[in-house]
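Source file: data-v8.txt. Holds: compact mmCIF, C-alpha atoms.
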```
# COMPACT_ATOMS: atom_id res chain seq x y z
CA MET A 1 0.00 0.00 0.00
CA HIS A 2 1.39 3.40 -1.00
CA SER A 3 0.78 6.80 0.57
CA PRO A 4 -0.52 9.59 -1.67
CA HIS A 5 2.17 11.66 -3.35
CA PHE A 6 1.46 15.30 -2.48
CA THR A 7 2.39 17.87 -5.11
CA ALA A 8 1.00 21.14 -3.67
CA ASP A 9 -0.16 22.43 -0.28
CA SER A 10 -1.99 25.68 0.48
CA SER A 11 -4.58 27.10 2.90
CA ALA A 12 -7.32 29.72 2.56
CA ASN A 13 -10.60 30.51 4.31
CA GLY A 14 -10.20 27.75 6.87
CA ILE A 15 -9.51 24.99 4.32
CA ARG A 16 -6.20 23.30 3.65
CA GLU A 17 -5.91 22.10 0.04
CA ARG A 18 -3.42 19.40 -0.91
CA ASP A 19 -3.02 18.19 -4.49
CA PHE A 20 -1.94 14.56 -4.73
CA THR A 21 -1.51 11.65 -7.07
CA VAL A 22 -2.05 7.94 -6.49
CA GLY A 23 -0.30 6.22 -9.36
CA ASP A 24 -1.23 8.34 -12.36
CA VAL A 25 -4.59 9.50 -10.94
CA PRO A 26 -4.65 13.13 -9.75
CA GLY A 27 -6.75 14.25 -6.81
CA VAL A 28 -7.26 16.91 -4.17
CA LEU A 29 -7.66 16.53 -0.41
CA TRP A 30 -9.42 19.28 1.53
CA SER A 31 -8.98 19.39 5.33
CA PRO A 32 -9.46 21.94 8.12
CA SER A 33 -6.54 24.39 7.92
CA SER A 34 -6.25 24.53 11.72
CA GLY A 35 -4.45 21.20 11.75
CA ALA A 36 -7.12 18.53 11.81
CA ASP A 37 -7.26 15.80 14.38
CA ARG A 38 -8.21 12.38 13.12
CA ALA A 39 -11.55 12.77 11.37
CA PRO A 40 -13.91 11.01 8.94
CA LEU A 41 -13.16 11.02 5.23
CA VAL A 42 -15.71 11.74 2.51
CA LEU A 43 -14.94 10.64 -1.05
CA MET A 44 -16.64 13.00 -3.50
CA GLY A 45 -17.38 12.30 -7.16
CA HIS A 46 -17.68 15.18 -9.62
CA GLY A 47 -20.23 15.53 -12.42
CA GLY A 48 -19.81 14.77 -16.11
CA GLY A 49 -17.59 17.23 -17.94
CA ALA A 50 -16.31 18.63 -14.63
CA HIS A 51 -13.17 17.92 -12.61
CA LYS A 52 -11.80 17.56 -9.08
CA LYS A 53 -11.56 21.32 -8.41
CA HIS A 54 -14.78 22.40 -10.08
CA PRO A 55 -16.39 25.14 -7.95
CA ALA A 56 -19.31 22.82 -7.19
CA MET A 57 -16.90 20.37 -5.56
CA LEU A 58 -15.39 22.93 -3.21
CA GLY A 59 -18.90 24.25 -2.53
CA ARG A 60 -20.05 20.79 -1.46
CA ALA A 61 -16.85 20.14 0.50
CA ARG A 62 -16.86 23.41 2.45
CA PRO A 63 -19.64 22.60 4.97
CA LEU A 64 -18.08 19.18 5.59
CA VAL A 65 -14.61 20.62 6.21
CA THR A 66 -15.36 23.88 8.02
CA GLY A 67 -18.63 22.82 9.64
CA HIS A 68 -17.78 19.28 10.73
CA GLY A 69 -13.99 19.00 10.61
CA PHE A 70 -14.04 16.27 7.95
CA HIS A 71 -11.53 15.50 5.21
CA VAL A 72 -12.88 15.47 1.63
CA ALA A 73 -11.11 13.88 -1.34
CA VAL A 74 -11.92 14.18 -5.04
CA ILE A 75 -10.13 12.51 -7.95
CA ASP A 76 -10.50 13.27 -11.64
CA ALA A 77 -12.69 10.68 -13.32
CA PRO A 78 -11.18 8.94 -16.36
CA GLY A 79 -10.98 11.35 -19.29
CA HIS A 80 -11.79 14.37 -17.08
CA GLY A 81 -9.78 17.20 -15.58
CA ASP A 82 -6.05 16.54 -15.90
CA ARG A 83 -6.52 13.07 -17.34
CA PRO A 84 -6.29 12.31 -21.07
CA ARG A 85 -9.23 10.93 -23.02
CA THR A 86 -9.11 7.59 -24.76
CA ALA A 87 -10.35 7.12 -28.31
CA GLN A 88 -13.51 5.55 -26.84
CA ASP A 89 -14.01 8.61 -24.61
CA GLU A 90 -13.83 10.84 -27.68
CA ARG A 91 -16.38 8.71 -29.54
CA ASP A 92 -18.75 8.75 -26.56
CA ILE A 93 -18.48 12.52 -26.17
CA ALA A 94 -19.03 13.08 -29.89
CA ALA A 95 -22.14 10.86 -29.76
CA LEU A 96 -23.45 12.83 -26.77
CA ARG A 97 -22.92 16.16 -28.51
CA ALA A 98 -24.73 14.83 -31.61
CA ALA A 99 -27.69 13.68 -29.50
CA GLN A 100 -27.87 17.05 -27.77
CA ALA A 101 -27.72 18.92 -31.08
CA ALA A 102 -30.53 16.77 -32.47
CA GLY A 103 -32.68 17.10 -29.37
CA ALA A 104 -32.57 13.32 -28.95
CA PRO A 105 -32.66 11.52 -25.57
CA GLU A 106 -29.25 11.45 -23.93
CA GLY A 107 -29.69 8.32 -21.86
CA PRO A 108 -28.88 5.78 -24.61
CA VAL A 109 -25.49 7.48 -25.01
CA VAL A 110 -24.70 8.57 -21.44
CA VAL A 111 -25.59 5.29 -19.70
CA PRO A 112 -23.04 3.07 -21.53
CA TYR A 113 -20.45 5.89 -21.51
CA ASN A 114 -20.76 6.31 -17.75
CA ALA A 115 -20.68 2.54 -17.24
CA ARG A 116 -17.35 2.40 -19.07
CA LEU A 117 -16.00 5.24 -16.91
CA ALA A 118 -17.20 3.52 -13.72
CA GLU A 119 -15.48 0.26 -14.65
CA ARG A 120 -12.19 2.17 -14.72
CA ALA A 121 -12.91 4.54 -11.83
CA VAL A 122 -14.03 2.12 -9.10
CA PRO A 123 -10.61 0.42 -8.66
CA GLU A 124 -8.97 3.86 -8.85
CA TRP A 125 -11.14 5.08 -6.00
CA GLN A 126 -10.34 1.97 -3.96
CA ALA A 127 -6.61 2.52 -4.49
CA THR A 128 -7.05 6.17 -3.51
CA LEU A 129 -8.87 5.18 -0.33
CA ASP A 130 -6.11 2.70 0.50
CA ALA A 131 -3.53 5.48 0.10
CA LEU A 132 -5.42 8.14 2.05
CA GLN A 133 -6.00 5.78 4.96
CA THR A 134 -2.23 5.62 5.49
CA LEU A 135 -2.37 9.26 6.65
CA PRO A 136 -2.49 9.58 10.46
CA GLU A 137 -5.25 12.21 10.30
CA ILE A 138 -7.51 9.71 8.48
CA GLY A 139 -6.36 6.25 9.55
CA ALA A 140 -7.16 2.76 8.36
CA GLY A 141 -10.19 2.31 10.60
CA GLY A 142 -11.73 5.74 10.25
CA PRO A 143 -15.29 6.32 9.02
CA VAL A 144 -15.72 6.84 5.26
CA GLY A 145 -18.62 8.32 3.31
CA TYR A 146 -19.32 9.01 -0.35
CA ALA A 147 -21.08 11.88 -2.10
CA GLY A 148 -21.63 12.27 -5.83
CA ILE A 149 -24.40 13.47 -8.13
CA ALA A 150 -24.90 12.62 -11.83
CA LEU A 151 -21.61 11.06 -13.05
CA GLY A 152 -20.68 10.95 -9.37
CA THR A 153 -23.63 8.58 -8.91
CA ALA A 154 -22.84 6.50 -12.01
CA ILE A 155 -19.43 5.83 -10.45
CA GLY A 156 -20.58 6.00 -6.84
CA VAL A 157 -23.26 3.30 -6.92
CA PRO A 158 -20.90 0.51 -8.05
CA LEU A 159 -18.20 1.89 -5.74
CA VAL A 160 -20.42 1.90 -2.66
CA ALA A 161 -21.72 -1.57 -3.55
CA ALA A 162 -18.16 -2.90 -3.82
CA GLU A 163 -16.53 -1.05 -0.93
CA PRO A 164 -17.44 -2.11 2.63
CA ARG A 165 -15.45 0.76 4.14
CA ILE A 166 -18.08 3.26 2.91
CA LYS A 167 -20.75 3.62 5.60
CA ALA A 168 -23.14 6.22 4.09
CA ALA A 169 -23.71 7.75 0.66
CA VAL A 170 -25.29 10.81 -0.96
CA LEU A 171 -26.36 10.09 -4.55
CA GLY A 172 -28.80 11.23 -7.22
CA MET A 173 -29.72 12.45 -10.70
CA MET A 174 -28.83 9.40 -12.79
CA TRP A 175 -30.54 6.85 -15.04
CA PRO A 176 -31.02 3.44 -13.39
CA ASP A 177 -30.28 1.23 -16.40
CA ALA A 178 -26.70 0.17 -15.59
CA LEU A 179 -26.98 0.61 -11.82
CA ILE A 180 -29.92 -1.51 -10.63
CA GLY A 181 -27.87 -4.59 -9.77
CA ALA A 182 -25.32 -2.62 -7.75
CA ALA A 183 -28.03 -0.52 -6.07
CA ARG A 184 -29.71 -3.69 -4.81
CA ARG A 185 -26.47 -4.61 -3.01
CA ILE A 186 -26.28 -1.29 -1.15
CA THR A 187 -27.53 -1.45 2.43
CA VAL A 188 -25.84 1.60 4.00
CA PRO A 189 -27.89 4.77 4.63
CA VAL A 190 -28.53 6.72 1.42
CA GLU A 191 -29.69 10.26 0.76
CA PHE A 192 -30.91 10.51 -2.85
CA THR A 193 -31.69 13.67 -4.81
CA LEU A 194 -33.67 14.24 -7.99
CA GLN A 195 -35.06 17.19 -9.93
CA TRP A 196 -38.82 16.77 -10.26
CA ASP A 197 -38.94 18.38 -13.73
CA ASP A 198 -35.62 17.05 -15.03
CA GLU A 199 -35.69 17.16 -18.83
CA ARG A 200 -32.71 14.79 -19.12
CA ILE A 201 -33.44 12.05 -16.57
CA PRO A 202 -37.17 11.24 -16.40
CA ARG A 203 -38.70 11.34 -12.93
CA GLU A 204 -39.79 7.72 -13.18
CA ALA A 205 -36.23 6.64 -14.03
CA ALA A 206 -34.77 8.42 -11.00
CA LEU A 207 -37.46 6.95 -8.74
CA THR A 208 -36.69 3.47 -10.09
CA LEU A 209 -33.07 3.85 -8.99
CA PHE A 210 -34.12 5.13 -5.56
CA ASP A 211 -36.45 2.16 -5.13
CA ALA A 212 -33.64 -0.27 -5.95
CA PHE A 213 -31.46 0.58 -2.95
CA ALA A 214 -31.72 -2.13 -0.29
CA SER A 215 -30.94 0.34 2.49
CA LYS A 216 -33.25 0.29 5.49
CA GLU A 217 -32.60 4.01 5.85
CA LYS A 218 -32.92 5.96 2.62
CA THR A 219 -34.19 9.49 2.11
CA LEU A 220 -35.52 11.06 -1.09
CA HIS A 221 -35.04 14.77 -1.82
CA ALA A 222 -37.20 15.95 -4.74
CA ASN A 223 -36.52 19.52 -5.81
CA ALA A 224 -38.70 21.49 -8.21
CA GLY A 225 -37.09 22.50 -11.47
CA ALA A 226 -35.08 21.22 -14.40
CA HIS A 227 -31.71 19.45 -14.39
CA ALA A 228 -29.71 22.68 -14.19
CA ASP A 229 -31.89 24.00 -11.36
CA PHE A 230 -30.31 21.64 -8.85
CA PRO A 231 -30.04 23.68 -5.61
CA ARG A 232 -26.35 23.13 -4.93
CA PHE A 233 -26.00 25.06 -1.68
CA THR A 234 -29.16 23.69 -0.08
CA GLU A 235 -28.25 20.13 -0.98
CA ALA A 236 -24.62 20.61 0.07
CA ASP A 237 -25.74 21.60 3.56
CA SER A 238 -28.18 18.67 3.71
CA ALA A 239 -25.52 16.22 2.55
CA ALA A 240 -23.11 17.49 5.21
CA ARG A 241 -25.69 17.01 7.97
CA PHE A 242 -26.56 13.53 6.68
CA LEU A 243 -22.94 12.40 6.49
CA ALA A 244 -22.07 13.91 9.88
CA ARG A 245 -24.99 12.05 11.44
CA HIS A 246 -23.81 8.70 10.08
CA LEU A 247 -20.03 9.10 10.21
CA GLY A 248 -19.84 10.93 13.53
CA PRO A 249 -17.95 14.12 14.44
CA SER A 250 -14.22 14.54 14.14
CA VAL A 251 -12.08 14.03 17.22
CA GLY A 252 -11.58 17.78 17.40
CA ALA A 253 -15.32 18.41 17.16
CA ARG A 254 -15.94 16.17 20.16
CA ALA A 255 -13.65 18.16 22.43
```
In structure tokens, how does this file's structure come out?
Amino acid sequence: MHSPHFTADSSANGIRERDFTVGDVPGVLWSPSSGADRAPLVLMGHGGGAHKKHPAMLGRARPLVTGHGFHVAVIDAPGHGDRPRTAQDERDIAALRAAQAAGAPEGPVVVPYNARLAERAVPEWQATLDALQTLPEIGAGGPVGYAGIALGTAIGVPLVAAEPRIKAAVLGMMWPDALIGAARRITVPVEFTLQWDDERIPREAALTLFDAFASKEKTLHANAGAHADFPRFTEADSAARFLARHLGPSVGARA
């Protein structure tokens, strides 16, 4: 097991930001800048076309880090951010752009594309978790959560199903087609979000995925509006409260 290789370290507004790599996968680790005690870790998946430092990622991480003393890690998904695209990635993206230009449904293109990304990303996330748990401020036995919407759910559902170290998950806004089998293996608490008037992912499709989770505790958040109307700040605060409830406070927060 290898520790993460840190390549940059800075602090601002109460958050310490450390860039790292695990193998050839780049990531970022956000922690309290005050010098965190041992605390839970949240793995966070970014959306399609985004990257590890997209403003939405820091926005979702901030209440976890500054409000609860957690660590939050994000890695670039395959073909995103600082990672090169494969020829298959380029074909998938071209097919998506063609469907969008024609006003055709996106699901038949996005579902298999995301499934291919997840197949590559799940073992990368597991290797990243292995590496981060070598850090004394996280530790091998520390609580771990996951949060990811859209592509973050397409990768997150198979990851949570495969990874027993993850004890709670925030997911949402994704077609169920490639995820039903993995969702049925998930029993940890889940908070799931959908947009009631989503023009990309039909309401019935999102509800089908929610129904598939085998979790005894699962919560549905349905927000009015289209796909782009997702209320990021409201849901970020809710996700932080949910994860804090299930992962527990940091050591420093208990004092």
### Task
Using all atoms listed in the file, give me every residue within 10 Å of (-19.8, 6.1, -5.4) in file coordinates, as a list in words.
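In the file's frame, the residues around the point are Leu43, Met44, Gly45, Ala118, Ala121, Val122, Trp125, Gly145, Tyr146, Ala147, Gly148, Ile149, Leu151, Gly152, Thr153, Ala154, Ile155, Gly156, Val157, Pro158, Leu159, Val160, Ala161, Ala162, Glu163, Ile166, Ala169, Val170 and Leu171 of chain A.
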| said: Taking (-4.2, 7.6, 2.8) in the coordinates of the supplied file, I want to know which residues reach to within 10 Å of it, counting all atoms listed in the file; could you give the answer as a PyMOL selection string? | reply: chain A and resi 1-5+22+41+127-140
Kindly save the residues from that selection, with C-alpha atoms included, as an mmCIF file, in the frame of the given file.
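Now in part.cif:
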```cif
data_model
loop_
_atom_site.group_PDB
_atom_site.id
_atom_site.type_symbol
_atom_site.label_atom_id
_atom_site.label_comp_id
_atom_site.auth_asym_id
_atom_site.auth_seq_id
_atom_site.Cartn_x
_atom_site.Cartn_y
_atom_site.Cartn_z
ATOM 1 C CA MET A 1 0.000 0.000 0.000
ATOM 2 C CA HIS A 2 1.390 3.400 -1.000
ATOM 3 C CA SER A 3 0.780 6.800 0.570
ATOM 4 C CA PRO A 4 -0.520 9.590 -1.670
ATOM 5 C CA HIS A 5 2.170 11.660 -3.350
ATOM 6 C CA VAL A 22 -2.050 7.940 -6.490
ATOM 7 C CA LEU A 41 -13.160 11.020 5.230
ATOM 8 C CA ALA A 127 -6.610 2.520 -4.490
ATOM 9 C CA THR A 128 -7.050 6.170 -3.510
ATOM 10 C CA LEU A 129 -8.870 5.180 -0.330
ATOM 11 C CA ASP A 130 -6.110 2.700 0.500
ATOM 12 C CA ALA A 131 -3.530 5.480 0.100
ATOM 13 C CA LEU A 132 -5.420 8.140 2.050
ATOM 14 C CA GLN A 133 -6.000 5.780 4.960
ATOM 15 C CA THR A 134 -2.230 5.620 5.490
ATOM 16 C CA LEU A 135 -2.370 9.260 6.650
ATOM 17 C CA PRO A 136 -2.490 9.580 10.460
ATOM 18 C CA GLU A 137 -5.250 12.210 10.300
ATOM 19 C CA ILE A 138 -7.510 9.710 8.480
ATOM 20 C CA GLY A 139 -6.360 6.250 9.550
ATOM 21 C CA ALA A 140 -7.160 2.760 8.360
#
```
Worksheet entry | Residue among A:Thr187, A:Asn114, A:Gln126, A:Thr21 lying closest to Thr7 in chain A, counting all atoms listed in the file |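 Of all the options, A:Thr21 lies closest to Thr7 in chain A.
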Review point. Which is closest to Arg185 in chain A among A:Ala168, A:Leu209, A:Ala95, A:Ala214, if we use all atoms listed in the file?
Key: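 Closest to Arg185 in chain A, using all atoms listed in the file: A:Ala214.
With CA of Gly181 in chain A on one side and CA of Pro78 in chain A on the other, the separation reads 22.5 Å.
Closest to Thr66 in chain A among A:Ile15, A:Arg116, A:Gly23, A:Lys218 is A:Ile15, based on only C-alpha atoms.
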- Task: Excluding His221 in chain A and residues on its chain fewer than 6 positions from it, collect all residues at most 8 Å away from it, counting all atoms listed in the file, and give them as a ChimeraX atom specification.
- Result: /A:191-194
Would you save the residues from that selection as a CSV table (one decimal), in the frame of the given file, using C-alpha atoms?
```csv
chain,number,residue,atom,x,y,z
A,191,GLU,CA,-29.7,10.3,0.8
A,192,PHE,CA,-30.9,10.5,-2.8
A,193,THR,CA,-31.7,13.7,-4.8
A,194,LEU,CA,-33.7,14.2,-8.0
```
